[in-house]
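Containing compact mmCIF, C-alpha atoms and all ligand atoms: upload25.txt.
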# COMPACT_ATOMS: atom_id res chain seq x y z
CA MET A 28 -51.46 -188.51 -73.46
CA ARG A 29 -51.74 -192.29 -73.95
CA SER A 30 -53.68 -194.64 -71.74
CA ASP A 31 -51.79 -197.83 -72.62
CA LEU A 32 -49.34 -197.96 -69.74
CA PRO A 33 -47.41 -201.23 -69.89
CA GLY A 34 -46.24 -202.36 -66.47
CA PHE A 35 -48.53 -199.90 -64.64
CA HIS A 36 -49.91 -202.77 -62.59
CA ASP A 37 -46.42 -203.74 -61.36
CA LEU A 38 -45.52 -200.27 -60.08
CA SER A 39 -45.84 -199.35 -56.42
CA LEU A 40 -48.69 -197.05 -55.40
CA ASP A 41 -46.28 -194.10 -55.20
CA GLU A 42 -44.79 -194.83 -58.60
CA ARG A 43 -48.22 -195.12 -60.17
CA LEU A 44 -49.30 -191.89 -58.55
CA SER A 45 -46.19 -190.06 -59.82
CA LEU A 46 -46.86 -191.30 -63.32
CA VAL A 47 -50.53 -190.24 -63.26
CA LYS A 48 -49.50 -186.91 -61.75
CA LYS A 49 -47.10 -186.33 -64.63
CA LEU A 50 -49.45 -187.56 -67.37
CA CYS A 51 -52.50 -185.67 -66.09
CA VAL A 52 -50.60 -182.59 -64.93
CA LEU A 53 -51.83 -182.85 -61.34
CA THR A 54 -50.54 -180.33 -58.80
CA ASP A 55 -48.51 -181.46 -55.77
CA GLU A 56 -51.55 -180.74 -53.64
CA GLU A 57 -53.86 -182.83 -55.84
CA ALA A 58 -51.42 -185.75 -55.82
CA GLU A 59 -51.08 -185.50 -52.05
CA THR A 60 -54.87 -185.50 -51.63
CA LEU A 61 -55.09 -188.67 -53.71
CA ARG A 62 -52.20 -190.27 -51.84
CA LYS A 63 -53.95 -190.15 -48.46
CA THR A 64 -55.23 -193.67 -48.01
CA GLY A 65 -56.95 -192.87 -44.73
CA CYS A 66 -58.01 -196.01 -42.93
CA LEU A 67 -57.11 -198.16 -45.92
CA PRO A 68 -53.31 -198.38 -45.84
CA HIS A 69 -53.59 -201.67 -47.76
CA SER A 70 -55.97 -200.38 -50.38
CA ASP A 71 -53.56 -201.47 -53.12
CA ARG A 72 -54.17 -205.05 -52.06
CA MET A 73 -57.93 -204.62 -52.32
CA ILE A 74 -58.12 -203.66 -56.00
CA GLU A 75 -55.69 -203.14 -58.85
CA ASN A 76 -53.76 -200.11 -60.09
CA VAL A 77 -54.50 -198.14 -56.90
CA VAL A 78 -53.33 -194.51 -56.67
CA GLY A 79 -55.38 -193.44 -53.64
CA THR A 80 -58.75 -193.72 -51.97
CA ILE A 81 -61.95 -191.68 -52.14
CA GLU A 82 -63.86 -190.95 -48.98
CA LEU A 83 -67.56 -190.63 -48.26
CA PRO A 84 -69.22 -189.11 -45.23
CA LEU A 85 -70.48 -191.68 -42.73
CA GLY A 86 -73.65 -190.53 -40.98
CA ILE A 87 -75.68 -192.22 -38.27
CA ALA A 88 -79.42 -192.45 -38.80
CA THR A 89 -81.23 -192.18 -35.50
CA ASN A 90 -84.67 -193.18 -34.16
CA PHE A 91 -84.78 -196.62 -35.75
CA MET A 92 -86.75 -199.14 -33.74
CA ILE A 93 -86.68 -202.50 -35.51
CA ASN A 94 -88.47 -205.58 -34.17
CA GLY A 95 -88.73 -203.86 -30.80
CA HIS A 96 -85.04 -202.88 -30.55
CA ASP A 97 -83.44 -199.49 -30.95
CA VAL A 98 -80.63 -199.43 -33.44
CA LEU A 99 -78.23 -196.75 -34.67
CA VAL A 100 -77.70 -197.06 -38.40
CA PRO A 101 -74.43 -196.12 -40.14
CA MET A 102 -74.99 -194.74 -43.65
CA ALA A 103 -72.25 -193.84 -46.12
CA ILE A 104 -73.50 -191.51 -48.86
CA GLU A 105 -72.54 -188.27 -50.58
CA GLU A 106 -76.11 -186.98 -51.00
CA PRO A 107 -77.41 -184.47 -48.45
CA SER A 108 -80.82 -185.09 -46.82
CA VAL A 109 -80.80 -188.89 -47.05
CA VAL A 110 -79.62 -189.55 -43.48
CA ALA A 111 -81.85 -186.79 -42.09
CA ALA A 112 -84.83 -188.11 -44.07
CA ALA A 113 -84.36 -191.68 -42.86
CA SER A 114 -83.99 -190.49 -39.25
CA HIS A 115 -87.12 -188.36 -39.50
CA ALA A 116 -89.22 -191.12 -41.06
CA ALA A 117 -88.05 -193.50 -38.31
CA LYS A 118 -88.99 -190.90 -35.68
CA LEU A 119 -92.50 -190.57 -37.11
CA ALA A 120 -92.89 -194.37 -37.06
CA ARG A 121 -92.16 -194.58 -33.33
CA PRO A 122 -93.09 -195.91 -30.83
CA ASP A 123 -93.92 -199.10 -32.73
CA GLY A 124 -91.22 -198.66 -35.36
CA PHE A 125 -90.53 -201.28 -38.01
CA VAL A 126 -91.21 -204.98 -38.16
CA ALA A 127 -88.79 -206.85 -40.41
CA SER A 128 -88.13 -210.43 -41.42
CA SER A 129 -86.00 -212.36 -43.89
CA ASP A 130 -85.86 -215.69 -45.68
CA GLU A 131 -83.00 -218.11 -45.17
CA PRO A 132 -79.83 -216.80 -46.86
CA VAL A 133 -80.22 -218.95 -49.97
CA MET A 134 -78.48 -217.76 -53.12
CA ILE A 135 -78.81 -219.19 -56.63
CA GLY A 136 -75.80 -220.41 -58.59
CA GLN A 137 -76.41 -220.91 -62.30
CA ILE A 138 -74.75 -223.45 -64.57
CA GLN A 139 -75.48 -222.92 -68.25
CA LEU A 140 -75.44 -226.19 -70.21
CA ILE A 141 -75.15 -226.13 -73.96
CA GLY A 142 -75.82 -229.15 -76.18
CA ALA A 143 -77.14 -231.33 -73.34
CA LYS A 144 -78.74 -234.62 -74.45
CA PRO A 145 -82.52 -235.12 -74.15
CA GLY A 146 -83.41 -236.22 -70.63
CA ALA A 147 -80.68 -234.02 -69.09
CA SER A 148 -83.04 -232.58 -66.47
CA GLU A 149 -84.04 -236.05 -65.22
CA LYS A 150 -80.39 -237.13 -65.08
CA ILE A 151 -79.54 -234.10 -62.95
CA TYR A 152 -82.41 -234.70 -60.53
CA GLU A 153 -81.51 -238.42 -60.29
CA ASN A 154 -77.94 -237.46 -59.31
CA ARG A 155 -78.90 -234.85 -56.74
CA ASP A 156 -77.07 -236.67 -53.90
CA LYS A 157 -73.85 -237.10 -55.84
CA ILE A 158 -73.94 -233.43 -56.93
CA THR A 159 -74.44 -232.39 -53.29
CA GLU A 160 -71.50 -234.55 -52.22
CA ILE A 161 -69.22 -232.93 -54.82
CA ALA A 162 -70.52 -229.45 -53.93
CA HIS A 163 -69.75 -229.97 -50.25
CA ALA A 164 -66.32 -231.52 -50.68
CA LYS A 165 -64.54 -228.16 -50.84
CA ASP A 166 -66.48 -226.12 -48.24
CA SER A 167 -66.77 -228.14 -45.06
CA VAL A 168 -66.88 -225.00 -42.90
CA LEU A 169 -70.03 -223.71 -44.59
CA VAL A 170 -71.65 -227.15 -44.26
CA LYS A 171 -70.68 -227.40 -40.58
CA LEU A 172 -72.32 -224.01 -39.98
CA GLY A 173 -75.57 -225.32 -41.43
CA GLY A 174 -75.08 -223.93 -44.92
CA GLY A 175 -74.34 -225.60 -48.24
CA LEU A 176 -76.28 -226.91 -51.20
CA LYS A 177 -79.93 -227.24 -50.21
CA ASP A 178 -81.68 -227.92 -53.49
CA ILE A 179 -81.31 -228.13 -57.24
CA GLU A 180 -83.67 -226.79 -59.91
CA VAL A 181 -83.37 -227.36 -63.64
CA ARG A 182 -84.85 -225.02 -66.24
CA GLU A 183 -84.98 -225.39 -70.00
CA LEU A 184 -84.60 -222.18 -71.93
CA ASP A 185 -85.32 -221.48 -75.59
CA THR A 186 -82.76 -218.88 -76.57
CA GLU A 187 -81.82 -217.22 -79.84
CA ARG A 188 -78.82 -219.61 -79.91
CA GLY A 189 -80.96 -222.68 -79.34
CA LYS A 190 -82.08 -224.75 -76.35
CA MET A 191 -80.12 -224.48 -73.14
CA VAL A 192 -80.45 -226.34 -69.88
CA ILE A 193 -79.90 -224.12 -66.85
CA VAL A 194 -79.11 -225.72 -63.52
CA HIS A 195 -79.79 -223.72 -60.37
CA LEU A 196 -77.87 -224.65 -57.24
CA LEU A 197 -79.72 -223.29 -54.22
CA VAL A 198 -77.02 -222.62 -51.68
CA ASN A 199 -77.45 -221.51 -48.09
CA VAL A 200 -74.51 -219.12 -47.66
CA GLN A 201 -75.10 -218.33 -43.98
CA ASP A 202 -73.67 -214.92 -43.08
CA ALA A 203 -71.79 -214.28 -46.31
CA MET A 204 -72.95 -212.34 -49.32
CA GLY A 205 -72.22 -215.66 -50.97
CA ALA A 206 -70.66 -215.05 -54.36
CA ASN A 207 -67.41 -216.86 -53.58
CA ALA A 208 -69.06 -219.92 -52.04
CA VAL A 209 -71.64 -220.19 -54.81
CA ASN A 210 -69.28 -219.61 -57.72
CA THR A 211 -66.83 -222.18 -56.32
CA MET A 212 -69.63 -224.73 -55.93
CA CYS A 213 -70.85 -224.17 -59.49
CA GLU A 214 -67.33 -224.72 -60.82
CA GLU A 215 -66.84 -227.83 -58.69
CA VAL A 216 -70.00 -229.63 -59.81
CA ALA A 217 -69.93 -228.54 -63.46
CA PRO A 218 -67.63 -231.34 -64.79
CA PHE A 219 -69.86 -234.04 -63.24
CA ILE A 220 -72.99 -232.38 -64.65
CA GLU A 221 -71.32 -232.26 -68.08
CA GLU A 222 -70.52 -235.96 -67.77
CA ILE A 223 -74.09 -237.04 -66.96
CA THR A 224 -75.82 -234.74 -69.45
CA GLY A 225 -73.39 -234.75 -72.36
CA GLY A 226 -73.61 -230.94 -72.38
CA ARG A 227 -70.93 -228.28 -72.08
CA ALA A 228 -71.08 -226.10 -68.96
CA LEU A 229 -70.35 -222.55 -70.08
CA LEU A 230 -71.24 -219.97 -67.42
CA LYS A 231 -70.99 -221.02 -63.78
CA ILE A 232 -71.95 -218.00 -61.74
CA ILE A 233 -74.17 -216.63 -59.00
CA SER A 234 -77.49 -214.95 -59.89
CA ASN A 235 -78.15 -211.61 -58.25
CA LEU A 236 -81.88 -212.14 -58.60
CA ALA A 237 -81.92 -213.69 -55.14
CA VAL A 238 -85.62 -214.56 -54.94
CA HIS A 239 -84.99 -217.11 -52.19
CA ARG A 240 -83.28 -214.50 -50.00
CA MET A 241 -86.02 -211.94 -49.62
CA THR A 242 -86.23 -209.35 -46.87
CA ARG A 243 -89.45 -207.66 -45.81
CA ALA A 244 -90.23 -204.72 -43.56
CA LYS A 245 -93.34 -202.84 -42.52
CA ALA A 246 -94.20 -199.71 -40.58
CA VAL A 247 -97.31 -197.71 -39.76
CA TRP A 248 -97.40 -193.92 -39.72
CA LYS A 249 -100.32 -192.63 -37.69
CA LYS A 250 -103.06 -190.45 -39.18
CA ASP A 251 -102.75 -187.90 -36.36
CA VAL A 252 -98.99 -187.60 -37.03
CA LEU A 253 -99.21 -187.30 -40.84
CA GLY A 254 -102.60 -185.72 -41.42
CA GLU A 255 -105.26 -187.01 -43.84
CA ASP A 256 -104.01 -184.89 -46.75
CA VAL A 257 -100.50 -186.26 -46.56
CA ILE A 258 -101.79 -189.83 -46.41
CA GLU A 259 -103.98 -189.25 -49.47
CA GLY A 260 -101.06 -187.57 -51.23
CA ILE A 261 -98.70 -190.48 -50.51
CA LEU A 262 -101.32 -192.95 -51.79
CA ASP A 263 -101.67 -190.91 -54.99
CA ALA A 264 -97.88 -190.76 -55.37
CA TYR A 265 -97.69 -194.51 -54.89
CA ALA A 266 -100.45 -195.11 -57.47
CA PHE A 267 -98.44 -192.98 -59.91
CA ALA A 268 -95.37 -195.17 -59.34
CA ARG A 269 -97.40 -198.36 -59.84
CA ALA A 270 -98.78 -197.07 -63.11
CA ASP A 271 -95.61 -195.60 -64.59
CA PRO A 272 -92.11 -197.08 -64.90
CA PHE A 273 -90.62 -193.59 -65.37
CA ARG A 274 -91.84 -192.66 -61.89
CA SER A 275 -91.24 -196.13 -60.46
CA ALA A 276 -87.53 -195.94 -61.36
CA THR A 277 -87.16 -192.79 -59.27
CA HIS A 278 -89.37 -194.14 -56.50
CA ASN A 279 -87.04 -197.17 -56.28
CA LYS A 280 -83.97 -194.95 -56.53
CA GLY A 281 -85.13 -193.22 -53.36
CA ILE A 282 -85.42 -196.62 -51.67
CA MET A 283 -81.93 -197.61 -52.79
CA ASN A 284 -80.54 -194.30 -51.42
CA GLY A 285 -81.12 -195.80 -47.99
CA VAL A 286 -80.34 -199.44 -48.76
CA ASP A 287 -77.07 -198.66 -50.55
CA ALA A 288 -75.91 -196.22 -47.88
CA VAL A 289 -76.18 -198.97 -45.25
CA LEU A 290 -74.51 -201.49 -47.54
CA VAL A 291 -71.64 -199.15 -48.42
CA ALA A 292 -71.10 -198.32 -44.73
CA THR A 293 -70.81 -202.03 -43.96
CA GLY A 294 -68.45 -202.83 -46.85
CA ASN A 295 -71.03 -204.69 -48.90
CA ASP A 296 -71.26 -205.06 -52.67
CA PHE A 297 -74.12 -202.62 -53.18
CA ARG A 298 -74.14 -203.29 -56.93
CA ALA A 299 -75.25 -206.86 -56.19
CA ALA A 300 -78.14 -205.56 -54.09
CA GLU A 301 -79.02 -202.97 -56.77
CA ALA A 302 -79.05 -205.60 -59.53
CA GLY A 303 -81.23 -207.90 -57.43
CA ALA A 304 -83.63 -205.17 -56.39
CA HIS A 305 -84.24 -203.83 -59.89
CA ALA A 306 -84.45 -207.31 -61.47
CA PHE A 307 -87.04 -208.24 -58.83
CA ALA A 308 -88.94 -204.99 -59.44
CA ALA A 309 -89.04 -205.85 -63.15
CA ILE A 310 -90.70 -209.26 -62.78
CA GLY A 311 -94.07 -208.91 -64.51
CA GLY A 312 -93.41 -205.26 -65.47
CA TYR A 313 -91.28 -202.74 -63.55
CA LYS A 314 -92.95 -201.83 -60.24
CA PRO A 315 -92.17 -200.07 -56.94
CA LEU A 316 -90.43 -202.16 -54.29
CA THR A 317 -92.65 -200.67 -51.59
CA SER A 318 -96.43 -200.71 -51.09
CA TYR A 319 -98.67 -198.27 -49.23
CA TRP A 320 -102.25 -198.58 -48.05
CA LYS A 321 -104.61 -197.21 -45.42
CA ASN A 322 -105.12 -199.66 -42.58
CA GLY A 323 -108.33 -200.31 -40.67
CA THR A 324 -107.83 -197.28 -38.43
CA GLY A 325 -107.06 -194.93 -41.32
CA ASP A 326 -103.30 -194.80 -40.64
CA LEU A 327 -100.75 -195.16 -43.43
CA ALA A 328 -99.11 -198.58 -43.62
CA GLY A 329 -96.03 -199.06 -45.75
CA SER A 330 -94.10 -202.19 -46.60
CA ILE A 331 -91.07 -203.19 -48.61
CA GLU A 332 -90.01 -206.50 -50.10
CA LEU A 333 -86.79 -207.02 -51.97
CA PRO A 334 -84.04 -209.59 -52.44
CA MET A 335 -81.18 -208.57 -50.18
CA VAL A 336 -77.73 -209.73 -51.14
CA ALA A 337 -75.68 -208.67 -48.13
CA GLY A 338 -73.24 -210.31 -45.75
CA ILE A 339 -71.37 -209.65 -42.54
CA VAL A 340 -68.39 -211.90 -43.29
CA GLY A 341 -65.95 -211.92 -46.18
CA GLY A 342 -65.03 -209.25 -48.70
CA ALA A 343 -64.60 -205.68 -47.52
CA THR A 344 -66.70 -206.34 -44.39
CA LYS A 345 -63.43 -207.41 -42.78
CA SER A 346 -60.72 -205.67 -44.80
CA ASN A 347 -62.24 -202.22 -44.36
CA PRO A 348 -61.98 -201.19 -40.68
CA ILE A 349 -64.84 -198.69 -41.04
CA ALA A 350 -67.10 -201.48 -42.29
CA LYS A 351 -66.21 -203.53 -39.22
CA ILE A 352 -67.02 -200.61 -36.93
CA SER A 353 -70.29 -199.95 -38.78
CA LEU A 354 -71.31 -203.57 -38.22
CA LYS A 355 -70.46 -203.17 -34.54
CA ILE A 356 -72.58 -199.98 -34.31
CA LEU A 357 -75.45 -201.86 -35.94
CA GLY A 358 -74.98 -204.81 -33.62
CA ALA A 359 -75.49 -207.16 -36.58
CA LYS A 360 -74.88 -210.74 -35.44
CA HIS A 361 -76.05 -212.32 -38.69
CA ALA A 362 -76.42 -211.28 -42.29
CA HIS A 363 -80.20 -211.11 -41.92
CA ASP A 364 -79.84 -208.47 -39.16
CA LEU A 365 -78.05 -206.27 -41.67
CA SER A 366 -80.53 -207.02 -44.47
CA GLU A 367 -83.47 -206.17 -42.27
CA VAL A 368 -81.96 -202.85 -41.20
CA ALA A 369 -81.19 -201.99 -44.83
CA ALA A 370 -84.78 -202.81 -45.86
CA CYS A 371 -86.21 -200.65 -43.04
CA VAL A 372 -83.97 -197.74 -44.05
CA GLY A 373 -85.05 -198.18 -47.69
CA LEU A 374 -88.70 -197.99 -46.65
CA ALA A 375 -87.98 -195.02 -44.39
CA ASN A 376 -86.23 -193.10 -47.16
CA ASN A 377 -89.01 -193.84 -49.61
CA PHE A 378 -91.69 -192.73 -47.16
CA ALA A 379 -89.72 -189.58 -46.31
CA ALA A 380 -89.26 -188.66 -49.98
CA LEU A 381 -92.96 -189.17 -50.76
CA ARG A 382 -94.00 -187.21 -47.68
CA ALA A 383 -91.69 -184.34 -48.53
CA MET A 384 -92.83 -184.27 -52.16
CA VAL A 385 -96.53 -184.28 -51.36
CA LYS A 386 -96.06 -181.62 -48.67
CA GLU A 387 -93.61 -178.95 -49.78
CA GLY A 388 -91.58 -180.49 -52.60
CA ILE A 389 -88.21 -182.09 -52.15
CA GLN A 390 -86.10 -179.03 -52.88
CA LYS A 391 -86.90 -176.95 -49.82
CA GLY A 392 -85.32 -179.32 -47.31
CA HIS A 393 -82.57 -180.12 -49.76
CA MET A 394 -81.73 -176.46 -50.34
CA LYS A 395 -81.76 -175.80 -46.59
CA LEU A 396 -79.11 -178.44 -46.07
CA HIS A 397 -77.17 -177.18 -49.06
CA MET A 398 -77.19 -173.65 -47.65
CA HIS A 399 -76.22 -174.91 -44.24
CA ASN A 400 -73.22 -176.66 -45.82
CA ILE A 401 -72.30 -173.46 -47.64
CA ALA A 402 -72.40 -171.51 -44.38
CA LEU A 403 -70.17 -174.13 -42.75
CA ILE A 404 -67.72 -173.84 -45.65
CA ALA A 405 -67.70 -170.07 -45.05
CA GLY A 406 -66.48 -170.82 -41.51
CA ALA A 407 -69.74 -170.61 -39.52
CA THR A 408 -70.48 -172.75 -36.49
CA HIS A 409 -73.59 -174.95 -36.59
CA GLU A 410 -75.68 -172.31 -34.76
CA GLU A 411 -74.40 -169.49 -36.98
CA ALA A 412 -75.07 -171.63 -40.06
CA LEU A 413 -78.70 -172.08 -39.02
CA LYS A 414 -79.17 -168.29 -38.86
CA ILE A 415 -77.30 -167.69 -42.11
CA THR A 416 -79.44 -170.36 -43.81
CA ASP A 417 -82.62 -168.57 -42.76
CA ILE A 418 -81.33 -165.25 -44.14
CA MET A 419 -80.12 -166.76 -47.41
CA LEU A 420 -83.46 -168.55 -47.79
CA SER A 421 -85.38 -165.28 -47.42
CA GLU A 422 -82.96 -163.42 -49.73
CA LYS A 423 -82.81 -166.31 -52.24
CA LYS A 424 -79.09 -165.53 -52.55
CA ILE A 425 -76.91 -168.58 -52.05
CA SER A 426 -73.15 -168.41 -52.21
CA VAL A 427 -70.13 -168.94 -50.00
CA ALA A 428 -69.31 -165.23 -50.47
CA ARG A 429 -72.75 -164.15 -49.20
CA ALA A 430 -72.51 -166.59 -46.29
CA ALA A 431 -69.10 -165.16 -45.39
CA GLU A 432 -70.49 -161.59 -45.54
CA LEU A 433 -73.39 -162.53 -43.27
CA LEU A 434 -71.02 -164.27 -40.90
CA GLU A 435 -68.85 -161.15 -40.69
CA ILE A 436 -71.90 -158.99 -39.94
CA MET A 437 -73.14 -161.45 -37.31
CA ARG A 438 -69.80 -161.56 -35.53
CA LYS A 439 -69.38 -157.80 -35.35
C1 LIG B 501 -83.47 -188.41 -54.75
O1 LIG B 501 -82.21 -188.95 -54.48
C2 LIG B 501 -84.57 -189.43 -54.49
C3 LIG B 501 -85.97 -188.99 -54.86
O2 LIG B 501 -86.01 -188.57 -56.22
C4 LIG B 501 -86.86 -190.18 -54.67
C5 LIG B 501 -88.27 -190.01 -55.17
O3 LIG B 501 -88.51 -189.21 -56.08
O4 LIG B 501 -89.12 -190.76 -54.66
C6 LIG B 501 -86.43 -187.82 -54.03
Would you mind writing the structure in this file as structure tokens?
Amino acid sequence: MRSDLPGFHDLSLDERLSLVKKLCVLTDEEAETLRKTGCLPHSDRMIENVVGTIELPLGIATNFMINGHDVLVPMAIEEPSVVAAASHAAKLARPDGFVASSDEPVMIGQIQLIGAKPGASEKIYENRDKITEIAHAKDSVLVKLGGGLKDIEVRELDTERGKMVIVHLLVNVQDAMGANAVNTMCEEVAPFIEEITGGRALLKIISNLAVHRMTRAKAVWKKDVLGEDVIEGILDAYAFARADPFRSATHNKGIMNGVDAVLVATGNDFRAAEAGAHAFAAIGGYKPLTSYWKNGTGDLAGSIELPMVAGIVGGATKSNPIAKISLKILGAKHAHDLSEVAACVGLANNFAALRAMVKEGIQKGHMKLHMHNIALIAGATHEEALKITDIMLSEKKISVARAAELLEIMRK
């Protein structure tokens, strides 16, 4: 088989699918499964070379109380336990729940100048007003909404290819994720910046290390709910993550389980949030994105702080109907509402993972859910699956065949 397929892009979805079916020897059933585009009948206008769509379960995390309001949280993820864990952590944090806040939605656009003349930085600062005028010429809507270019920073970098001047445009992107607005602005102002500095503007692109768009959340889990041992265990687990990047990577992965699931459900570019989160965690040596401590009354306090690159307008937030519905379920009126929910869920998932690991290990709950799924696949109802799970747990025999046998016995 060859992978150079001239004209593949110009074929219709059906033609592409037929070709892939033939080349990869897919069955009729496999091709038909791919062909189902579900709620995305226009998926071939979203990306290129489309032959189908892939679905993910959409779960609703319950019990979240954020800034005094109850909220149901849509989460799209393939991994069992994540939605249950977030819901349980949120339940344990009630009645106070989470307190969350965010910075203004300011993203950084970078313009890389090569060969700029000495004094370039001063020239850029002197021309701040003119640069702002050019930046705003193309996006009057954003400016009318209160967004737009808010500030300029200039950095000088010594690189292995020589000195470079890096211009940062600090752009308030309002309710968008912001990449389009920021990238356009960088491209618009670059020729003028070249003119006044004598440099060549090479890259003109958003930075995902959105340090001006931070989101923070906090919750307290009471001593009488957790128990002293669990609190001590979580503090030890947290100390381990602070001391060791191998552990910290997994600690942060558990956080991003929750954050990404919310972002995927709402049609956001979760890779942007991932890049920002890990780059932020790496400043000064890779560290956990959450913190834990014992408060004055001996309860466990937990907090999270991370750059949150998420929007409620533009991109797939509108073109994917499920994303639109998810945003409606969340009741997100502004991008920061979404960011704050995502941060709370990240903290909740991290707390839940640490609690499970210091109590009974992560696998027990995980295996229970896995077995429950197996029983459902064998045709059991939810109630039957609960009983079958208990039996399979005690027998330590897990298979669809065993679940089916147990189901048959139970129904006799
Ligand atoms: C698994 O998806 C996430 C965990 O590994 C997170 C952690 O170890 O903190 C359980």
Discussion item. List as a ChimeraX atom specification the protein and nucleic acid residues lying within 10 Å of ligand LIG 501 (chain B), with all atoms listed in the file counted.
Written reply: /A:106-109,264-265,268,274-285,376-384,388-390,393
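Nearest residue to Lys157 of chain A, choosing from A:Ala228, A:Val216, A:Met204, A:Val110 and counting only C-alpha atoms: A:Val216.
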Non-local contacts of Lys321 of chain A (12 Å; all atoms listed in the file; under 4 positions in same chain excluded) as a PDB file with C-alpha atoms, keeping the file's coordinate frame:
ATOM      1  CA  ALA A 246     -94.200-199.710 -40.580  1.00  0.00           C
ATOM      2  CA  VAL A 247     -97.310-197.710 -39.760  1.00  0.00           C
ATOM      3  CA  TRP A 248     -97.400-193.920 -39.720  1.00  0.00           C
ATOM      4  CA  LYS A 249    -100.320-192.630 -37.690  1.00  0.00           C
ATOM      5  CA  LYS A 250    -103.060-190.450 -39.180  1.00  0.00           C
ATOM      6  CA  GLU A 255    -105.260-187.010 -43.840  1.00  0.00           C
ATOM      7  CA  VAL A 257    -100.500-186.260 -46.560  1.00  0.00           C
ATOM      8  CA  ILE A 258    -101.790-189.830 -46.410  1.00  0.00           C
ATOM      9  CA  GLU A 259    -103.980-189.250 -49.470  1.00  0.00           C
ATOM     10  CA  GLY A 260    -101.060-187.570 -51.230  1.00  0.00           C
ATOM     11  CA  ILE A 261     -98.700-190.480 -50.510  1.00  0.00           C
ATOM     12  CA  LEU A 262    -101.320-192.950 -51.790  1.00  0.00           C
ATOM     13  CA  ASP A 263    -101.670-190.910 -54.990  1.00  0.00           C
ATOM     14  CA  GLY A 325    -107.060-194.930 -41.320  1.00  0.00           C
ATOM     15  CA  ASP A 326    -103.300-194.800 -40.640  1.00  0.00           C
ATOM     16  CA  LEU A 327    -100.750-195.160 -43.430  1.00  0.00           C
ATOM     17  CA  ALA A 328     -99.110-198.580 -43.620  1.00  0.00           C
ATOM     18  CA  GLY A 329     -96.030-199.060 -45.750  1.00  0.00           C
ATOM     19  CA  SER A 330     -94.100-202.190 -46.600  1.00  0.00           C
TER      20      SER A 330
END
Worksheet, complete the sentence: Across A:Gly174, A:Gly65, A:Gly294, A:Gly323, the smallest distance to Met102 of chain A, with all atoms listed in the file counted, is shown by A:Gly294
Worksheet item: Which of these residues is nearest to Ile331 of chain A, using only C-alpha atoms: A:Lys144, A:Arg243, A:Lys423, A:Lys63?
Response: A:Arg243
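Separating atom CA of Val368 of chain A from atom CA of Ala203 of chain A is a distance of 16.1 Å.
Across the model, the gap from atom CA of Asn295 of chain A to atom CA of Asp166 of chain A is 21.9 Å.
Residues in contact with Lys190 of chain A at 10 Å, where all atoms listed in the file are counted and same-chain residues fewer than 4 positions away are skipped, are listed as A:Leu140, A:Ile141, A:Gly142, A:Ala143, A:Glu183, A:Leu184, A:Asp185, A:Thr186.
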Practice prompt. Excluding Met419 of chain A and any residue of its chain fewer than 4 positions from it, enumerate the residues within 10 Å of it, using all atoms listed in the file, and give them as a ChimeraX atom specification.
Written response: /A:395,398-399,402,414-415,423-426,429-430,433
Export, as a compact mmCIF listing (two decimals), in the frame of the given file, the selected residues with C-alpha atoms.
# COMPACT_ATOMS: atom_id res chain seq x y z
CA LYS A 395 -81.76 -175.80 -46.59
CA MET A 398 -77.19 -173.65 -47.65
CA HIS A 399 -76.22 -174.91 -44.24
CA ALA A 402 -72.40 -171.51 -44.38
CA LYS A 414 -79.17 -168.29 -38.86
CA ILE A 415 -77.30 -167.69 -42.11
CA LYS A 423 -82.81 -166.31 -52.24
CA LYS A 424 -79.09 -165.53 -52.55
CA ILE A 425 -76.91 -168.58 -52.05
CA SER A 426 -73.15 -168.41 -52.21
CA ARG A 429 -72.75 -164.15 -49.20
CA ALA A 430 -72.51 -166.59 -46.29
CA LEU A 433 -73.39 -162.53 -43.27
Discussion item. Please compute the atom CA of Gln201 of chain A-atom CA of Gly341 of chain A distance, one decimal, in Å.
Written reply: 11.4 Å
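Considering all atoms listed in the file, the residue among A:Leu374, A:Cys66, A:Ala343, A:Ile93 positioned nearest to Asp123 of chain A is A:Ile93.
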Item to complete: Mind checking which residues fall within 12 Å of Gly34 of chain A, counting all atoms listed in the file, ignoring those fewer than 4 positions away in the same chain, and posting them as a PyMOL selection string?
Response: chain A and resi 30+38-39+42-43+46+76
Worksheet item: Can you find the residues with an atom no farther than 12 Å from (-86.0, -204.2, -27.8), counting all atoms listed in the file, and report them as a ChimeraX atom specification?
Response: /A:91-98,122-126
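Using only C-alpha atoms, the nearest neighbour of Ile232 of chain A within the list A:Asn199, A:Thr293, A:Asn322, A:Gln139 is A:Gln139.
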Determine, counting all atoms listed in the file, every residue of protein, DNA or RNA that lies within 10 Å of (-80.1, -230.5, -59.2) in the file coordinates, then give the result as a CSV table (one decimal) with C-alpha atoms, keeping the file's coordinate frame.
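Wrote it out as result.csv, contents follow:
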chain,number,residue,atom,x,y,z
A,148,SER,CA,-83.0,-232.6,-66.5
A,149,GLU,CA,-84.0,-236.0,-65.2
A,150,LYS,CA,-80.4,-237.1,-65.1
A,151,ILE,CA,-79.5,-234.1,-63.0
A,152,TYR,CA,-82.4,-234.7,-60.5
A,153,GLU,CA,-81.5,-238.4,-60.3
A,154,ASN,CA,-77.9,-237.5,-59.3
A,155,ARG,CA,-78.9,-234.8,-56.7
A,156,ASP,CA,-77.1,-236.7,-53.9
A,157,LYS,CA,-73.8,-237.1,-55.8
A,158,ILE,CA,-73.9,-233.4,-56.9
A,159,THR,CA,-74.4,-232.4,-53.3
A,176,LEU,CA,-76.3,-226.9,-51.2
A,177,LYS,CA,-79.9,-227.2,-50.2
A,178,ASP,CA,-81.7,-227.9,-53.5
A,179,ILE,CA,-81.3,-228.1,-57.2
A,180,GLU,CA,-83.7,-226.8,-59.9
A,181,VAL,CA,-83.4,-227.4,-63.6
A,193,ILE,CA,-79.9,-224.1,-66.8
A,194,VAL,CA,-79.1,-225.7,-63.5
A,195,HIS,CA,-79.8,-223.7,-60.4
A,196,LEU,CA,-77.9,-224.6,-57.2
A,197,LEU,CA,-79.7,-223.3,-54.2
A,220,ILE,CA,-73.0,-232.4,-64.6
